[in-house]
>>> print(open('entry.pdb').read())   # PDB, C-alpha atoms, pLDDT in the B column
MODEL        1
ATOM      1  CA  MET E   1     172.031 176.433 114.220  1.00 35.00           C
ATOM      2  CA  GLY E   2     172.514 180.138 113.242  1.00 35.00           C
ATOM      3  CA  PRO E   3     171.593 181.730 109.928  1.00 36.00           C
ATOM      4  CA  LEU E   4     173.427 180.284 106.959  1.00 39.00           C
ATOM      5  CA  ILE E   5     174.107 183.698 105.423  1.00 39.00           C
ATOM      6  CA  PRO E   6     174.035 187.297 106.686  1.00 37.00           C
ATOM      7  CA  THR E   7     171.021 189.339 105.720  1.00 37.00           C
ATOM      8  CA  PRO E   8     171.339 192.817 104.131  1.00 38.00           C
ATOM      9  CA  SER E   9     170.552 194.369 107.513  1.00 38.00           C
ATOM     10  CA  THR E  10     173.625 192.761 109.067  1.00 38.00           C
ATOM     11  CA  PRO E  11     176.290 195.493 109.561  1.00 35.00           C
ATOM     12  CA  ALA E  12     179.055 193.218 108.273  1.00 37.00           C
ATOM     13  CA  ALA E  13     177.144 192.623 105.059  1.00 37.00           C
ATOM     14  CA  CYS E  14     176.592 196.339 104.421  1.00 39.00           C
ATOM     15  CA  SER E  15     180.087 197.462 105.389  1.00 43.00           C
ATOM     16  CA  GLN E  16     182.054 199.345 102.775  1.00 51.00           C
ATOM     17  CA  ARG E  17     185.036 197.139 103.603  1.00 55.00           C
ATOM     18  CA  LYS E  18     185.724 195.061 100.523  1.00 61.00           C
ATOM     19  CA  PRO E  19     184.945 191.332 100.998  1.00 61.00           C
ATOM     20  CA  SER E  20     187.429 188.723  99.858  1.00 61.00           C
ATOM     21  CA  ALA E  21     187.681 188.083  96.143  1.00 57.00           C
ATOM     22  CA  ALA E  22     185.143 185.778  94.529  1.00 56.00           C
ATOM     23  CA  ALA E  23     185.185 184.001  91.192  1.00 57.00           C
ATOM     24  CA  GLY E  24     186.131 186.266  88.308  1.00 62.00           C
ATOM     25  CA  ASN E  25     183.084 185.280  86.249  1.00 78.00           C
ATOM     26  CA  SER E  26     180.566 185.906  89.032  1.00 89.00           C
ATOM     27  CA  LEU E  27     177.890 188.580  89.021  1.00 93.00           C
ATOM     28  CA  SER E  28     179.587 190.429  91.877  1.00 94.00           C
ATOM     29  CA  ALA E  29     182.943 190.472  90.076  1.00 92.00           C
ATOM     30  CA  ALA E  30     181.352 191.939  86.943  1.00 92.00           C
ATOM     31  CA  ILE E  31     179.654 194.741  88.886  1.00 94.00           C
ATOM     32  CA  GLU E  32     182.596 195.422  91.181  1.00 92.00           C
ATOM     33  CA  ALA E  33     184.809 196.133  88.157  1.00 91.00           C
ATOM     34  CA  ARG E  34     183.258 199.583  87.863  1.00 92.00           C
ATOM     35  CA  THR E  35     183.666 200.592  91.519  1.00 93.00           C
ATOM     36  CA  ILE E  36     186.443 202.882  92.705  1.00 91.00           C
ATOM     37  CA  ARG E  37     188.419 203.073  95.938  1.00 90.00           C
ATOM     38  CA  LEU E  38     188.219 206.451  97.656  1.00 88.00           C
ATOM     39  CA  ASP E  39     191.011 208.119  99.621  1.00 82.00           C
ATOM     40  CA  ALA E  40     189.357 207.154 102.905  1.00 78.00           C
ATOM     41  CA  GLY E  41     189.541 203.468 101.928  1.00 82.00           C
ATOM     42  CA  ALA E  42     185.827 203.082 101.209  1.00 89.00           C
ATOM     43  CA  TYR E  43     184.445 202.055  97.838  1.00 92.00           C
ATOM     44  CA  ALA E  44     181.820 203.755  95.695  1.00 93.00           C
ATOM     45  CA  TYR E  45     180.430 203.997  92.182  1.00 94.00           C
ATOM     46  CA  PRO E  46     181.408 206.987  90.059  1.00 93.00           C
ATOM     47  CA  ALA E  47     178.412 209.269  89.490  1.00 91.00           C
ATOM     48  CA  GLY E  48     176.215 207.857  86.755  1.00 90.00           C
ATOM     49  CA  ARG E  49     177.655 204.336  87.048  1.00 91.00           C
ATOM     50  CA  GLY E  50     175.732 203.084  90.056  1.00 93.00           C
ATOM     51  CA  LEU E  51     173.359 200.138  90.071  1.00 95.00           C
ATOM     52  CA  THR E  52     170.359 200.344  87.771  1.00 95.00           C
ATOM     53  CA  GLN E  53     166.947 199.146  88.866  1.00 95.00           C
ATOM     54  CA  ALA E  54     167.314 196.114  86.590  1.00 96.00           C
ATOM     55  CA  GLU E  55     170.639 195.257  88.221  1.00 96.00           C
ATOM     56  CA  ARG E  56     169.179 195.628  91.685  1.00 96.00           C
ATOM     57  CA  ARG E  57     166.388 193.212  90.745  1.00 96.00           C
ATOM     58  CA  THR E  58     168.946 190.743  89.374  1.00 96.00           C
ATOM     59  CA  ILE E  59     171.021 191.009  92.552  1.00 97.00           C
ATOM     60  CA  ALA E  60     167.964 190.514  94.763  1.00 97.00           C
ATOM     61  CA  HIS E  61     166.971 187.439  92.739  1.00 97.00           C
ATOM     62  CA  THR E  62     170.504 186.019  92.917  1.00 97.00           C
ATOM     63  CA  MET E  63     170.764 186.577  96.665  1.00 97.00           C
ATOM     64  CA  ALA E  64     167.392 184.904  97.201  1.00 97.00           C
ATOM     65  CA  ASP E  65     168.493 181.975  95.040  1.00 97.00           C
ATOM     66  CA  ILE E  66     171.696 181.557  97.060  1.00 97.00           C
ATOM     67  CA  ALA E  67     169.764 181.735 100.325  1.00 97.00           C
ATOM     68  CA  GLY E  68     167.361 179.104  99.014  1.00 97.00           C
ATOM     69  CA  ARG E  69     170.171 176.740  98.021  1.00 97.00           C
ATOM     70  CA  LEU E  70     171.857 177.049 101.396  1.00 97.00           C
ATOM     71  CA  ALA E  71     168.577 176.494 103.229  1.00 97.00           C
ATOM     72  CA  GLN E  72     168.106 172.941 101.851  1.00 97.00           C
ATOM     73  CA  PRO E  73     170.138 170.667 104.150  1.00 97.00           C
ATOM     74  CA  VAL E  74     170.598 166.981 103.557  1.00 97.00           C
ATOM     75  CA  PRO E  75     168.281 165.237 106.063  1.00 97.00           C
ATOM     76  CA  GLU E  76     169.699 163.136 108.864  1.00 96.00           C
ATOM     77  CA  ASP E  77     168.255 159.958 107.348  1.00 95.00           C
ATOM     78  CA  GLY E  78     170.036 160.719 104.070  1.00 94.00           C
ATOM     79  CA  GLY E  79     166.891 161.011 101.998  1.00 93.00           C
ATOM     80  CA  GLN E  80     167.338 160.330  98.285  1.00 95.00           C
ATOM     81  CA  ILE E  81     170.426 162.491  97.869  1.00 97.00           C
ATOM     82  CA  VAL E  82     172.789 160.211  99.809  1.00 97.00           C
ATOM     83  CA  ALA E  83     171.720 157.179  97.809  1.00 95.00           C
ATOM     84  CA  TRP E  84     172.171 159.188  94.586  1.00 96.00           C
ATOM     85  CA  VAL E  85     175.692 160.316  95.558  1.00 96.00           C
ATOM     86  CA  ALA E  86     176.731 156.803  96.582  1.00 94.00           C
ATOM     87  CA  GLY E  87     175.432 155.421  93.288  1.00 92.00           C
ATOM     88  CA  GLN E  88     177.240 158.074  91.206  1.00 93.00           C
ATOM     89  CA  VAL E  89     180.531 157.513  93.009  1.00 92.00           C
ATOM     90  CA  HIS E  90     180.205 153.720  92.905  1.00 88.00           C
ATOM     91  CA  THR E  91     179.552 153.589  89.161  1.00 89.00           C
ATOM     92  CA  SER E  92     181.705 156.501  87.893  1.00 92.00           C
ATOM     93  CA  PHE E  93     185.034 155.855  89.637  1.00 92.00           C
ATOM     94  CA  LYS E  94     187.307 152.952  90.423  1.00 91.00           C
ATOM     95  CA  ALA E  95     186.983 151.759  93.991  1.00 87.00           C
ATOM     96  CA  ARG E  96     189.921 152.468  96.274  1.00 84.00           C
ATOM     97  CA  ASP E  97     189.057 149.298  98.145  1.00 81.00           C
ATOM     98  CA  VAL E  98     187.779 146.581  95.799  1.00 79.00           C
ATOM     99  CA  SER E  99     186.249 144.772  98.735  1.00 79.00           C
ATOM    100  CA  ALA E 100     184.004 147.742  99.636  1.00 78.00           C
ATOM    101  CA  THR E 101     180.335 147.141  98.874  1.00 83.00           C
ATOM    102  CA  LYS E 102     177.806 149.670  97.639  1.00 84.00           C
ATOM    103  CA  GLN E 103     176.178 149.522 101.079  1.00 89.00           C
ATOM    104  CA  GLN E 104     179.453 150.462 102.766  1.00 90.00           C
ATOM    105  CA  THR E 105     179.854 153.386 100.367  1.00 89.00           C
ATOM    106  CA  TYR E 106     176.314 154.490 101.180  1.00 93.00           C
ATOM    107  CA  ASP E 107     176.946 154.214 104.940  1.00 95.00           C
ATOM    108  CA  GLY E 108     180.014 156.471 104.646  1.00 95.00           C
ATOM    109  CA  PHE E 109     178.059 159.189 102.860  1.00 96.00           C
ATOM    110  CA  LEU E 110     175.200 158.803 105.337  1.00 97.00           C
ATOM    111  CA  ILE E 111     177.641 159.928 108.028  1.00 96.00           C
ATOM    112  CA  ALA E 112     179.399 162.667 106.024  1.00 97.00           C
ATOM    113  CA  LEU E 113     176.625 164.531 104.220  1.00 97.00           C
ATOM    114  CA  PRO E 114     173.638 165.236 106.517  1.00 97.00           C
ATOM    115  CA  GLY E 115     173.441 168.934 107.366  1.00 97.00           C
ATOM    116  CA  ARG E 116     175.301 170.017 104.233  1.00 97.00           C
ATOM    117  CA  SER E 117     173.419 171.940 101.543  1.00 98.00           C
ATOM    118  CA  GLU E 118     171.794 169.427  99.190  1.00 98.00           C
ATOM    119  CA  PRO E 119     172.265 171.654  96.083  1.00 98.00           C
ATOM    120  CA  ALA E 120     175.925 172.092  97.068  1.00 98.00           C
ATOM    121  CA  VAL E 121     176.297 168.306  97.314  1.00 98.00           C
ATOM    122  CA  ARG E 122     174.896 167.952  93.800  1.00 97.00           C
ATOM    123  CA  GLU E 123     177.259 170.681  92.579  1.00 97.00           C
ATOM    124  CA  ALA E 124     180.207 168.858  94.205  1.00 97.00           C
ATOM    125  CA  VAL E 125     179.341 165.620  92.394  1.00 96.00           C
ATOM    126  CA  ARG E 126     178.863 167.530  89.134  1.00 96.00           C
ATOM    127  CA  ARG E 127     182.337 169.041  89.435  1.00 96.00           C
ATOM    128  CA  LEU E 128     183.837 165.649  90.202  1.00 96.00           C
ATOM    129  CA  LEU E 129     182.233 164.053  87.156  1.00 94.00           C
ATOM    130  CA  ARG E 130     183.156 166.974  84.867  1.00 94.00           C
ATOM    131  CA  ASP E 131     186.784 167.091  86.058  1.00 93.00           C
ATOM    132  CA  GLU E 132     186.257 170.543  87.604  1.00 93.00           C
ATOM    133  CA  ALA E 133     187.155 169.570  91.167  1.00 92.00           C
ATOM    134  CA  PRO E 134     190.386 170.718  92.899  1.00 92.00           C
ATOM    135  CA  PRO E 135     193.505 169.025  91.470  1.00 92.00           C
ATOM    136  CA  GLU E 136     194.287 167.185  94.698  1.00 93.00           C
ATOM    137  CA  LEU E 137     191.198 164.999  94.190  1.00 92.00           C
ATOM    138  CA  SER E 138     191.757 161.846  92.144  1.00 91.00           C
ATOM    139  CA  ARG E 139     190.279 161.705  88.641  1.00 88.00           C
ATOM    140  CA  THR E 140     190.441 157.904  88.664  1.00 91.00           C
ATOM    141  CA  PHE E 141     189.601 156.614  92.110  1.00 93.00           C
ATOM    142  CA  ALA E 142     186.365 157.254  93.965  1.00 92.00           C
ATOM    143  CA  PRO E 143     186.383 160.240  96.322  1.00 95.00           C
ATOM    144  CA  THR E 144     185.947 159.414  99.943  1.00 94.00           C
ATOM    145  CA  PRO E 145     182.855 160.652 101.840  1.00 95.00           C
ATOM    146  CA  ALA E 146     185.129 163.096 103.679  1.00 96.00           C
ATOM    147  CA  GLU E 147     186.431 164.496 100.375  1.00 96.00           C
ATOM    148  CA  VAL E 148     182.932 164.991  98.992  1.00 97.00           C
ATOM    149  CA  SER E 149     181.878 166.660 102.244  1.00 97.00           C
ATOM    150  CA  LYS E 150     184.930 168.971 102.123  1.00 97.00           C
ATOM    151  CA  LEU E 151     184.243 169.946  98.504  1.00 97.00           C
ATOM    152  CA  THR E 152     180.591 170.572  99.387  1.00 98.00           C
ATOM    153  CA  ARG E 153     181.591 172.825 102.276  1.00 97.00           C
ATOM    154  CA  SER E 154     183.920 174.765  99.930  1.00 96.00           C
ATOM    155  CA  ILE E 155     181.059 175.329  97.475  1.00 97.00           C
ATOM    156  CA  GLU E 156     178.819 176.548 100.296  1.00 98.00           C
ATOM    157  CA  GLY E 157     181.579 179.019 101.173  1.00 96.00           C
ATOM    158  CA  GLU E 158     181.703 180.266  97.570  1.00 95.00           C
ATOM    159  CA  TRP E 159     177.959 180.868  97.613  1.00 97.00           C
ATOM    160  CA  ARG E 160     178.031 182.674 100.972  1.00 96.00           C
ATOM    161  CA  LEU E 161     180.861 184.876  99.763  1.00 95.00           C
ATOM    162  CA  GLU E 162     178.959 185.778  96.609  1.00 96.00           C
ATOM    163  CA  HIS E 163     175.927 186.668  98.740  1.00 96.00           C
ATOM    164  CA  ASP E 164     178.095 188.890 100.974  1.00 95.00           C
ATOM    165  CA  ARG E 165     179.679 190.653  98.016  1.00 95.00           C
ATOM    166  CA  LEU E 166     176.326 191.348  96.387  1.00 96.00           C
ATOM    167  CA  ALA E 167     174.961 192.768  99.656  1.00 96.00           C
ATOM    168  CA  TRP E 168     178.086 194.949  99.887  1.00 95.00           C
ATOM    169  CA  LEU E 169     177.668 196.205  96.314  1.00 96.00           C
ATOM    170  CA  VAL E 170     174.016 197.114  96.906  1.00 95.00           C
ATOM    171  CA  GLY E 171     175.035 199.378  99.791  1.00 93.00           C
ATOM    172  CA  LEU E 172     177.723 201.376  97.967  1.00 94.00           C
ATOM    173  CA  PRO E 173     176.922 205.029  97.164  1.00 93.00           C
ATOM    174  CA  GLU E 174     177.575 207.041  94.023  1.00 93.00           C
ATOM    175  CA  VAL E 175     180.045 209.920  94.297  1.00 90.00           C
ATOM    176  CA  GLU E 176     180.975 212.865  92.112  1.00 85.00           C
ATOM    177  CA  LEU E 177     184.644 212.752  91.223  1.00 75.00           C
ATOM    178  CA  PRO E 178     186.654 215.970  91.028  1.00 72.00           C
ATOM    179  CA  GLU E 179     187.747 217.079  87.598  1.00 70.00           C
ATOM    180  CA  PRO E 180     191.309 215.921  86.944  1.00 71.00           C
ATOM    181  CA  GLU E 181     193.880 218.697  87.003  1.00 73.00           C
ATOM    182  CA  PRO E 182     195.115 219.555  83.507  1.00 76.00           C
ATOM    183  CA  GLN E 183     198.541 218.139  82.747  1.00 80.00           C
ATOM    184  CA  PRO E 184     201.153 220.403  81.094  1.00 80.00           C
ATOM    185  CA  THR E 185     202.139 219.632  77.525  1.00 84.00           C
ATOM    186  CA  PRO E 186     205.746 218.708  76.667  1.00 85.00           C
ATOM    187  CA  GLU E 187     206.198 222.196  75.185  1.00 84.00           C
ATOM    188  CA  GLU E 188     205.009 223.825  78.412  1.00 81.00           C
ATOM    189  CA  MET E 189     207.329 221.615  80.480  1.00 83.00           C
ATOM    190  CA  GLU E 190     210.282 222.591  78.253  1.00 83.00           C
ATOM    191  CA  ARG E 191     209.482 226.295  78.686  1.00 84.00           C
ATOM    192  CA  VAL E 192     209.465 225.825  82.461  1.00 81.00           C
ATOM    193  CA  ARG E 193     212.807 224.007  82.394  1.00 83.00           C
ATOM    194  CA  GLU E 194     214.337 226.756  80.225  1.00 82.00           C
ATOM    195  CA  ARG E 195     213.125 229.422  82.628  1.00 82.00           C
ATOM    196  CA  VAL E 196     214.603 227.526  85.576  1.00 81.00           C
ATOM    197  CA  ARG E 197     217.950 227.232  83.731  1.00 80.00           C
ATOM    198  CA  ARG E 198     218.014 230.970  83.088  1.00 79.00           C
ATOM    199  CA  LEU E 199     217.153 231.839  86.687  1.00 78.00           C
ATOM    200  CA  THR E 200     219.814 229.440  87.957  1.00 77.00           C
ATOM    201  CA  ALA E 201     222.445 230.845  85.611  1.00 73.00           C
ATOM    202  CA  GLY E 202     221.613 234.419  86.701  1.00 70.00           C
ATOM    203  CA  ALA E 203     221.890 233.549  90.369  1.00 67.00           C
ATOM    204  CA  ALA E 204     225.227 231.797  89.829  1.00 64.00           C
ATOM    205  CA  SER E 205     226.549 234.807  87.879  1.00 67.00           C
ATOM    206  CA  ARG E 206     225.640 237.211  90.702  1.00 66.00           C
ATOM    207  CA  ARG E 207     227.586 235.025  93.149  1.00 65.00           C
ATOM    208  CA  GLY E 208     230.637 234.913  90.907  1.00 63.00           C
ATOM    209  CA  LEU E 209     230.184 231.206  90.164  1.00 58.00           C
ATOM    210  CA  PRO E 210     230.136 229.495  86.767  1.00 59.00           C
ATOM    211  CA  PRO E 211     226.650 228.973  85.277  1.00 56.00           C
ATOM    212  CA  ILE E 212     225.057 225.782  86.559  1.00 51.00           C
ATOM    213  CA  GLU E 213     223.374 223.860  83.789  1.00 54.00           C
ATOM    214  CA  SER E 214     221.655 221.255  85.930  1.00 49.00           C
ATOM    215  CA  THR E 215     218.777 222.262  88.176  1.00 51.00           C
ATOM    216  CA  GLY E 216     219.303 219.309  90.519  1.00 57.00           C
ATOM    217  CA  ALA E 217     220.259 220.102  94.129  1.00 58.00           C
ATOM    218  CA  HIS E 218     223.111 217.563  94.207  1.00 61.00           C
ATOM    219  CA  ALA E 219     224.492 218.865  90.924  1.00 64.00           C
ATOM    220  CA  ARG E 220     224.437 222.463  92.174  1.00 63.00           C
ATOM    221  CA  VAL E 221     226.295 221.566  95.364  1.00 64.00           C
ATOM    222  CA  ALA E 222     228.862 219.492  93.495  1.00 69.00           C
ATOM    223  CA  GLU E 223     229.603 222.210  90.956  1.00 70.00           C
ATOM    224  CA  ALA E 224     229.837 224.923  93.618  1.00 70.00           C
ATOM    225  CA  THR E 225     232.236 222.754  95.652  1.00 74.00           C
ATOM    226  CA  GLU E 226     234.376 222.141  92.593  1.00 75.00           C
ATOM    227  CA  ALA E 227     234.543 225.887  91.894  1.00 73.00           C
ATOM    228  CA  ARG E 228     235.688 226.598  95.446  1.00 74.00           C
ATOM    229  CA  LYS E 229     238.395 223.926  95.192  1.00 75.00           C
ATOM    230  CA  LYS E 230     239.724 225.466  91.983  1.00 72.00           C
ATOM    231  CA  ALA E 231     239.763 228.938  93.551  1.00 72.00           C
ATOM    232  CA  ARG E 232     241.616 227.642  96.618  1.00 72.00           C
ATOM    233  CA  ALA E 233     244.162 225.796  94.481  1.00 71.00           C
ATOM    234  CA  ALA E 234     244.822 228.928  92.409  1.00 68.00           C
ATOM    235  CA  SER E 235     245.298 230.988  95.591  1.00 67.00           C
ATOM    236  CA  GLU E 236     247.758 228.494  97.037  1.00 65.00           C
ATOM    237  CA  THR E 237     249.752 228.447  93.778  1.00 64.00           C
ATOM    238  CA  SER E 238     250.002 232.237  93.770  1.00 61.00           C
ATOM    239  CA  ALA E 239     251.202 232.251  97.382  1.00 58.00           C
ATOM    240  CA  HIS E 240     254.057 229.785  96.592  1.00 56.00           C
ATOM    241  CA  GLU E 241     255.161 231.869  93.665  1.00 57.00           C
TER     242      GLU E 241
ENDMDL
END
>>> encode(input="entry.pdb", output="structure tokens")
Amino acid sequence: MGPLIPTPSTPAACSQRKPSAAAGNSLSAAIEARTIRLDAGAYAYPAGRGLTQAERRTIAHTMADIAGRLAQPVPEDGGQIVAWVAGQVHTSFKARDVSATKQQTYDGFLIALPGRSEPAVREAVRRLLRDEAPPELSRTFAPTPAEVSKLTRSIEGEWRLEHDRLAWLVGLPEVELPEPEPQPTPEEMERVRERVRRLTAGAASRRGLPPIESTGAHARVAEATEARKKARAASETSAHE
């Protein structure tokens, strides 16, 4: 069986490619909120907003904790955890099959849970009892061993993702951002528009066309076309007379 989680030396873990989103209240989500996306598609911290030493220690502790949780598999013989899960399910929910015995419930979990992370199994049962499990799971009837195993696997995935995101955040650099270009004030914009209107009117006057108020290309073409039509119509009227 391969490693449960990538280590910080794994290229995928240190890539600047953003991992998938994790829970909004996680440590990685809180830190990632101050990162920025650069033009090249990579991510970085603005200068002065990178990780502090205290944050790096917290991240290292959290990653070690996640690795420790994922490195505690349920033993093949079930150990105490399988009996505990079977007891919790048997006493906290209505049985789907009233004829099922506690031993049969235990046997089902003995097949479904070995190899899964024991802390994740406990977290799955906690969510079931606290009504924090996915909505498709019944709040009344006992979850099946397969459902508990599936929920456990989902929790393991959450923990691995958080580990990956923290490793990614540790590897991001700090960058100096260019000073934003000053934006013109409304008064400056109005002065520019007035200058453009004057230049446009002067050009139209030199060509013998009426002043064009709008600076838009379509408006200029339309007004010039209309002027030519009027001139042609006047010429044709004079010819008939």
>>> closest_residue(input="entry.pdb", among="E:Glu162, E:Glu190, E:Glu118, E:Glu136", to="Glu32 in chain E", atoms="all atoms listed in the file")
E:Glu162
>>> residues_around(input="entry.pdb", residues="Gly79 in chain E", least_positions_apart="4", cutoff="10 Å", atoms="all atoms listed in the file", output="PyMOL selection string")
chain E and resi 74-75+83-84+110+114
>>> residues_around(input="entry.pdb", residues="Val170 in chain E", least_positions_apart="2", cutoff="9 Å", atoms="all atoms listed in the file", output="ChimeraX atom specification")
/E:8,14,51,56,59,165-168,172-173
>>> residues_around(input="entry.pdb", residues="Val89 in chain E", least_positions_apart="6", cutoff="12 Å", atoms="only C-alpha atoms", output="list of chain:residue names")
E:Val82, E:Ala83, E:Ala95, E:Arg96, E:Thr101, E:Lys102, E:Thr105, E:Tyr106, E:Gly108, E:Phe109, E:Arg122, E:Ala124, E:Val125, E:Arg126, E:Leu128, E:Leu129, E:Arg139, E:Thr140, E:Phe141, E:Ala142, E:Pro143, E:Thr144, E:Pro145, E:Glu147, E:Val148
>>> write_last_selection(input="entry.pdb", atoms="C-alpha atoms", output="PDB file, in the coordinates of the input")
ATOM      1  CA  VAL E  82     172.789 160.211  99.809  1.00 97.00           C
ATOM      2  CA  ALA E  83     171.720 157.179  97.809  1.00 95.00           C
ATOM      3  CA  ALA E  95     186.983 151.759  93.991  1.00 87.00           C
ATOM      4  CA  ARG E  96     189.921 152.468  96.274  1.00 84.00           C
ATOM      5  CA  THR E 101     180.335 147.141  98.874  1.00 83.00           C
ATOM      6  CA  LYS E 102     177.806 149.670  97.639  1.00 84.00           C
ATOM      7  CA  THR E 105     179.854 153.386 100.367  1.00 89.00           C
ATOM      8  CA  TYR E 106     176.314 154.490 101.180  1.00 93.00           C
ATOM      9  CA  GLY E 108     180.014 156.471 104.646  1.00 95.00           C
ATOM     10  CA  PHE E 109     178.059 159.189 102.860  1.00 96.00           C
ATOM     11  CA  ARG E 122     174.896 167.952  93.800  1.00 97.00           C
ATOM     12  CA  ALA E 124     180.207 168.858  94.205  1.00 97.00           C
ATOM     13  CA  VAL E 125     179.341 165.620  92.394  1.00 96.00           C
ATOM     14  CA  ARG E 126     178.863 167.530  89.134  1.00 96.00           C
ATOM     15  CA  LEU E 128     183.837 165.649  90.202  1.00 96.00           C
ATOM     16  CA  LEU E 129     182.233 164.053  87.156  1.00 94.00           C
ATOM     17  CA  ARG E 139     190.279 161.705  88.641  1.00 88.00           C
ATOM     18  CA  THR E 140     190.441 157.904  88.664  1.00 91.00           C
ATOM     19  CA  PHE E 141     189.601 156.614  92.110  1.00 93.00           C
ATOM     20  CA  ALA E 142     186.365 157.254  93.965  1.00 92.00           C
ATOM     21  CA  PRO E 143     186.383 160.240  96.322  1.00 95.00           C
ATOM     22  CA  THR E 144     185.947 159.414  99.943  1.00 94.00           C
ATOM     23  CA  PRO E 145     182.855 160.652 101.840  1.00 95.00           C
ATOM     24  CA  GLU E 147     186.431 164.496 100.375  1.00 96.00           C
ATOM     25  CA  VAL E 148     182.932 164.991  98.992  1.00 97.00           C
TER      26      VAL E 148
END
>>> closest_residue(input="entry.pdb", among="E:Ala42, E:Met63, E:Ser138, E:Leu113", to="Leu161 in chain E", atoms="all atoms listed in the file")
E:Met63
>>> atom_distance(input="entry.pdb", atom1="CA of Arg160 in chain E", atom2="CA of Asn25 in chain E")
15.8 Å
>>> atom_distance(input="entry.pdb", atom1="CA of Leu137 in chain E", atom2="CA of Leu151 in chain E")
9.6 Å
>>> atom_distance(input="entry.pdb", atom1="CA of Thr52 in chain E", atom2="CA of Leu38 in chain E")
21.3 Å
>>> resolve_selection(input="entry.pdb", expression="the PyMOL selection byres ((chain E and resi 45) around 7)", output="number ranges by chain")
E: 34-36, 44, 46-47, 49-50, 172-175
>>> axis_aligned_box(input="entry.pdb", around="range 104-107 of chain E", padding_each_side="6 Å", output="AutoDock Vina command-line options")
--center_x 178.1 --center_y 152.5 --center_z 102.7 --size_x 15.5 --size_y 16.0 --size_z 16.6
>>> closest_residue(input="entry.pdb", among="E:Met189, E:Leu177, E:Ala67, E:Val121", to="Arg37 in chain E", atoms="only C-alpha atoms")
E:Leu177
>>> closest_residue(input="entry.pdb", among="E:His163, E:Lys94, E:Arg191, E:Arg116", to="Ala29 in chain E", atoms="only C-alpha atoms")
E:His163
>>> residues_near_point(input="entry.pdb", point="(187.4, 173.1, 93.9)", cutoff="8 Å", atoms="only C-alpha atoms", output="count of residues only")
8
>>> closest_residue(input="entry.pdb", among="E:Ala231, E:Val98, E:Leu27, E:Ile81", to="Thr62 in chain E", atoms="all atoms listed in the file")
E:Leu27
>>> residues_near_point(input="entry.pdb", point="(168.4, 172.1, 104.0)", cutoff="7 Å", atoms="only C-alpha atoms", output="VMD selection string")
chain E and resid 70 to 74 115 117 to 118
